[in-house]
Amino acid sequence: MSPDSINILFIGDLVGSFGRAIFRTLLPGLKKEFAVDLTVLNGENSAHGYSITEKIYNELIENGADAITMGNHIWEKKEIVSKIPALTRMVRPANYPPAAPGPDHLIVEAKGIKVAILNLLGRVFMQCLDCPFQTAEKLVPRLREQTPIILVDLHAEATSEKNAMGFFLDGKVSAVLGTHTHVMTADEKILSEGTAYISDVGMVGAEDSVIGMSKEQIIKRFVTQLPEKFEPTDSGPGLFNAVLIKVDIKTGKALSIERIIRKTPALDLPREEK
Ligand SMILES: [Fe+2]
Ligand SMILES: [Fe+2]
């Protein structure tokens, strides 16, 4: 491990209790294997597929997450609206209207180095929020006054919007990492000005599922077009998707980005967790 760089593990959308079990099973080994200095995960689906609770936030932090990003499902557990100011290692998407509670960025420390984390929501095939590009243009210079190491979680549907953000922020941030689709893409790269990029990091959840949710329920909804409740799949093998980014601590430029894909044998969760 170079003393001049920092290793950041960024984990894709973690789905439900099954995703949380995969996370706590695999994380200790991955931290050792990759000499991880900072672990960040997207927690927008960690509470039974929708949002997060204070209890689950505490569980994820206790199990090794240093910071949690969110997404379009953030407000679906209503307690988060009042509790988010106290959840000091969690960041909400910055481009919600100004009245949204919670921080529009997060600064955490690893190896005594400040790392800024920015979460943005895309607008293509998603909610009509403030412009993520203008939001980034406003916030990134302020973050750079504090640290050159800046991670951006761009939670968005369209690869074109994610591609564009990567180039828009190339050289200004350390990484632009896509989340939300739950399907890992194979386009990880370092852009020409030193920003690590991937269109989507993927998910942590049941492999035998549609984006972590029951395949039967989702197929039924597609076939019938009738309302159908979606719930996370909680059996079978687990899938863990993440990227490892090595960042130069002086310049903030990314030195490498590597996809990490792990699978677990079928996990047997304690009954109360299901
Ligand atoms: Fe998600
Ligand atoms: Fe999402």
# chains A, B, ... in the order shown; residues from 1 in each chain; ligands from 1
>>> residues_around(residues="A:Asn58", least_positions_apart="3", cutoff="12 Å", atoms="only C-alpha atoms", output="ChimeraX atom specification")
/A:20,43,46,52-55,61-68,86-90
>>> write_last_selection(atoms="N, CA, C and O atoms", output="compact mmCIF listing (two decimals), in the first residue's frame")
# COMPACT_ATOMS: atom_id res chain seq x y z
N ARG A 20 -27.80 -6.92 3.55
CA ARG A 20 -27.04 -6.57 4.76
C ARG A 20 -26.26 -7.78 5.26
O ARG A 20 -25.13 -7.66 5.75
N GLY A 43 -27.07 3.04 0.43
CA GLY A 43 -28.02 2.39 1.33
C GLY A 43 -29.47 2.69 1.04
O GLY A 43 -30.33 2.45 1.89
N SER A 46 -31.77 -0.35 1.73
CA SER A 46 -31.32 -1.27 2.79
C SER A 46 -32.44 -1.68 3.75
O SER A 46 -32.32 -2.70 4.43
N ILE A 52 -34.00 3.62 4.36
CA ILE A 52 -33.17 3.13 5.47
C ILE A 52 -33.86 3.57 6.75
O ILE A 52 -34.70 4.49 6.72
N THR A 53 -33.53 2.94 7.86
CA THR A 53 -34.01 3.39 9.17
C THR A 53 -32.78 3.72 10.02
O THR A 53 -31.66 3.32 9.68
N GLU A 54 -33.03 4.38 11.15
CA GLU A 54 -31.92 4.70 12.04
C GLU A 54 -31.25 3.41 12.53
O GLU A 54 -30.02 3.32 12.60
N LYS A 55 -32.06 2.40 12.83
CA LYS A 55 -31.52 1.12 13.32
C LYS A 55 -30.62 0.48 12.26
O LYS A 55 -29.53 0.00 12.57
N ILE A 61 -23.13 0.93 9.92
CA ILE A 61 -21.92 1.59 10.41
C ILE A 61 -21.14 0.64 11.32
O ILE A 61 -19.91 0.50 11.20
N GLU A 62 -21.87 -0.05 12.22
CA GLU A 62 -21.19 -1.01 13.12
C GLU A 62 -20.52 -2.13 12.34
O GLU A 62 -19.48 -2.65 12.73
N ASN A 63 -21.09 -2.49 11.22
CA ASN A 63 -20.53 -3.58 10.42
C ASN A 63 -19.49 -3.10 9.40
O ASN A 63 -19.09 -3.87 8.53
N GLY A 64 -19.07 -1.84 9.48
CA GLY A 64 -17.90 -1.44 8.71
C GLY A 64 -18.09 -0.37 7.66
O GLY A 64 -17.12 -0.01 6.99
N ALA A 65 -19.31 0.13 7.47
CA ALA A 65 -19.48 1.23 6.51
C ALA A 65 -18.97 2.53 7.16
O ALA A 65 -19.28 2.80 8.33
N ASP A 66 -18.20 3.31 6.43
CA ASP A 66 -17.75 4.61 6.94
C ASP A 66 -18.67 5.73 6.49
O ASP A 66 -18.71 6.80 7.12
N ALA A 67 -19.36 5.53 5.39
CA ALA A 67 -20.27 6.55 4.87
C ALA A 67 -21.34 5.87 4.03
O ALA A 67 -21.09 4.81 3.42
N ILE A 68 -22.53 6.49 4.00
CA ILE A 68 -23.67 5.91 3.27
C ILE A 68 -24.26 6.97 2.36
O ILE A 68 -24.57 8.08 2.80
N ALA A 86 -29.27 13.74 12.32
CA ALA A 86 -28.46 13.06 13.34
C ALA A 86 -27.64 11.91 12.75
O ALA A 86 -26.76 11.39 13.42
N LEU A 87 -27.93 11.53 11.52
CA LEU A 87 -27.22 10.40 10.91
C LEU A 87 -26.01 10.98 10.18
O LEU A 87 -26.03 11.21 8.97
N THR A 88 -24.96 11.19 10.94
CA THR A 88 -23.89 12.07 10.48
C THR A 88 -22.95 11.46 9.44
O THR A 88 -22.09 12.14 8.92
N ARG A 89 -23.13 10.18 9.16
CA ARG A 89 -22.31 9.56 8.11
C ARG A 89 -23.15 9.22 6.88
O ARG A 89 -22.77 8.38 6.07
N MET A 90 -24.29 9.88 6.77
CA MET A 90 -25.16 9.63 5.62
C MET A 90 -25.36 10.94 4.86
O MET A 90 -25.47 12.00 5.46
>>> residues_near_ligand(ligand="ligand 1", cutoff="6 Å", atoms="only C-alpha atoms and all ligand atoms", output="JSON, numbers by chain")
{"A": [13, 44, 45, 180]}
>>> atom_distance(atom1="atom CA of A:Ile150", atom2="atom CA of A:Thr179")
16.3 Å
>>> residues_near_ligand(ligand="ligand 2", cutoff="7 Å", atoms="only C-alpha atoms and all ligand atoms", output="number ranges by chain")
A: 44, 71-73, 155, 180-181
>>> select_by_dssp(residues="stretch 46-175 of chain A", states="strand (DSSP E or B)", output="ChimeraX atom specification")
/A:67-69,90,106-110,113-121,150-155,170,173,175
>>> residues_around(residues="stretch 170-178 of chain A", least_positions_apart="3", cutoff="7 Å", atoms="only C-alpha atoms", output="VMD selection string")
chain A and resid 149 to 156 162 166 to 167 191 193 to 201 247 252 to 254
>>> write_last_selection(atoms="N, CA and C atoms", output="mmCIF file, in the first residue's frame")
data_model
loop_
_atom_site.group_PDB
_atom_site.id
_atom_site.type_symbol
_atom_site.label_atom_id
_atom_site.label_comp_id
_atom_site.auth_asym_id
_atom_site.auth_seq_id
_atom_site.Cartn_x
_atom_site.Cartn_y
_atom_site.Cartn_z
ATOM 1 N N ILE A 149 -9.895 15.227 -2.705
ATOM 2 C CA ILE A 149 -10.455 13.876 -2.886
ATOM 3 C C ILE A 149 -11.982 13.959 -2.769
ATOM 4 N N ILE A 150 -12.643 13.806 -3.893
ATOM 5 C CA ILE A 150 -14.099 13.954 -3.933
ATOM 6 C C ILE A 150 -14.692 12.763 -4.677
ATOM 7 N N LEU A 151 -15.640 12.092 -4.015
ATOM 8 C CA LEU A 151 -16.366 10.981 -4.654
ATOM 9 C C LEU A 151 -17.762 11.470 -5.000
ATOM 10 N N VAL A 152 -18.218 11.159 -6.195
ATOM 11 C CA VAL A 152 -19.588 11.495 -6.590
ATOM 12 C C VAL A 152 -20.341 10.203 -6.857
ATOM 13 N N ASP A 153 -21.439 9.991 -6.120
ATOM 14 C CA ASP A 153 -22.366 8.893 -6.415
ATOM 15 C C ASP A 153 -23.486 9.505 -7.249
ATOM 16 N N LEU A 154 -23.502 9.180 -8.525
ATOM 17 C CA LEU A 154 -24.563 9.682 -9.414
ATOM 18 C C LEU A 154 -25.611 8.588 -9.537
ATOM 19 N N HIS A 155 -26.726 8.823 -8.847
ATOM 20 C CA HIS A 155 -27.781 7.819 -8.763
ATOM 21 C C HIS A 155 -28.764 8.083 -9.903
ATOM 22 N N ALA A 156 -28.649 7.335 -10.966
ATOM 23 C CA ALA A 156 -29.383 7.696 -12.185
ATOM 24 C C ALA A 156 -29.670 6.464 -13.034
ATOM 25 N N LYS A 162 -25.094 9.553 -17.137
ATOM 26 C CA LYS A 162 -23.938 9.220 -16.306
ATOM 27 C C LYS A 162 -22.633 9.474 -17.070
ATOM 28 N N GLY A 166 -19.644 12.126 -16.040
ATOM 29 C CA GLY A 166 -18.242 11.736 -15.909
ATOM 30 C C GLY A 166 -17.334 12.729 -16.612
ATOM 31 N N PHE A 167 -17.662 13.046 -17.853
ATOM 32 C CA PHE A 167 -16.833 14.001 -18.608
ATOM 33 C C PHE A 167 -16.950 15.419 -18.028
ATOM 34 N N LEU A 191 -10.778 8.507 -16.714
ATOM 35 C CA LEU A 191 -10.951 9.495 -17.794
ATOM 36 C C LEU A 191 -9.655 10.304 -17.962
ATOM 37 N N GLU A 193 -8.571 13.269 -17.591
ATOM 38 C CA GLU A 193 -8.065 14.227 -16.592
ATOM 39 C C GLU A 193 -7.952 13.605 -15.201
ATOM 40 N N GLY A 194 -8.136 12.270 -15.111
ATOM 41 C CA GLY A 194 -7.847 11.596 -13.842
ATOM 42 C C GLY A 194 -9.030 11.245 -12.968
ATOM 43 N N THR A 195 -10.235 11.273 -13.528
ATOM 44 C CA THR A 195 -11.422 10.884 -12.753
ATOM 45 C C THR A 195 -11.784 9.431 -13.041
ATOM 46 N N ALA A 196 -11.961 8.631 -11.972
ATOM 47 C CA ALA A 196 -12.414 7.250 -12.154
ATOM 48 C C ALA A 196 -13.903 7.263 -12.479
ATOM 49 N N TYR A 197 -14.302 6.355 -13.352
ATOM 50 C CA TYR A 197 -15.697 6.368 -13.811
ATOM 51 C C TYR A 197 -16.209 4.948 -14.001
ATOM 52 N N ILE A 198 -17.479 4.726 -13.624
ATOM 53 C CA ILE A 198 -18.219 3.516 -14.030
ATOM 54 C C ILE A 198 -19.695 3.905 -14.111
ATOM 55 N N SER A 199 -20.370 3.394 -15.124
ATOM 56 C CA SER A 199 -21.783 3.782 -15.296
ATOM 57 C C SER A 199 -22.667 3.243 -14.184
ATOM 58 N N ASP A 200 -22.404 1.994 -13.738
ATOM 59 C CA ASP A 200 -23.151 1.514 -12.575
ATOM 60 C C ASP A 200 -22.339 0.466 -11.810
ATOM 61 N N VAL A 201 -22.307 0.659 -10.513
ATOM 62 C CA VAL A 201 -21.524 -0.219 -9.641
ATOM 63 C C VAL A 201 -22.248 -1.544 -9.394
ATOM 64 N N VAL A 247 -6.739 6.412 -4.989
ATOM 65 C CA VAL A 247 -6.689 7.853 -5.276
ATOM 66 C C VAL A 247 -5.401 8.452 -4.716
ATOM 67 N N GLY A 252 -5.727 14.213 -5.709
ATOM 68 C CA GLY A 252 -7.117 13.782 -5.780
ATOM 69 C C GLY A 252 -7.434 12.992 -7.038
ATOM 70 N N LYS A 253 -6.441 12.791 -7.874
ATOM 71 C CA LYS A 253 -6.701 12.043 -9.118
ATOM 72 C C LYS A 253 -6.735 10.546 -8.825
ATOM 73 N N ALA A 254 -7.573 9.844 -9.585
ATOM 74 C CA ALA A 254 -7.674 8.395 -9.416
ATOM 75 C C ALA A 254 -6.500 7.729 -10.119
#
>>> closest_residue(among="A:Gly202, A:Tyr96, A:Leu169, A:Lys111", to="A:Asn42", atoms="only C-alpha atoms")
A:Gly202
>>> closest_residue(among="A:Thr159, A:Ser82, A:Ser209, A:Asn7", to="A:Phe34", atoms="only C-alpha atoms")
A:Asn7
>>> residues_around(residues="A:Pro232", least_positions_apart="5", cutoff="12 Å", atoms="only C-alpha atoms", output="list in words")
Leu14, Val15, Gly16, Ser17, Phe18, Gly19, Arg20, Asn45, Ser46, Ala47, His48, Gly49, Tyr50, Val204, Gly205, Ala206, Glu207, Asp208, Ser209, Val210, Ile211, Gly212, Met213, Ser214, Lys215, Glu216, Gln217, Ile218 and Lys274 of chain A
>>> select_by_dssp(residues="stretch 3-158 of chain A", states="alpha helix (DSSP H)", output="PyMOL selection string")
chain A and resi 16-33+54-62+79-83+132-144
>>> residues_around(residues="A:His105", least_positions_apart="5", cutoff="6 Å", atoms="only C-alpha atoms", output="list of chain:residue names")
A:Val91, A:Ile117, A:Leu118
>>> atom_distance(atom1="atom CA of A:Lys246", atom2="atom CA of A:Glu157")
25.8 Å
>>> atom_distance(atom1="atom CA of A:Gly29", atom2="atom CA of A:Lys250")
28.2 Å
>>> closest_residue(among="A:Leu139, A:Leu269, A:Ile84, A:Leu244", to="A:Met70", atoms="only C-alpha atoms")
A:Ile84
>>> closest_residue(among="A:Ser5, A:Thr25, A:Thr135, A:Asn241", to="A:Leu38", atoms="only C-alpha atoms")
A:Ser5
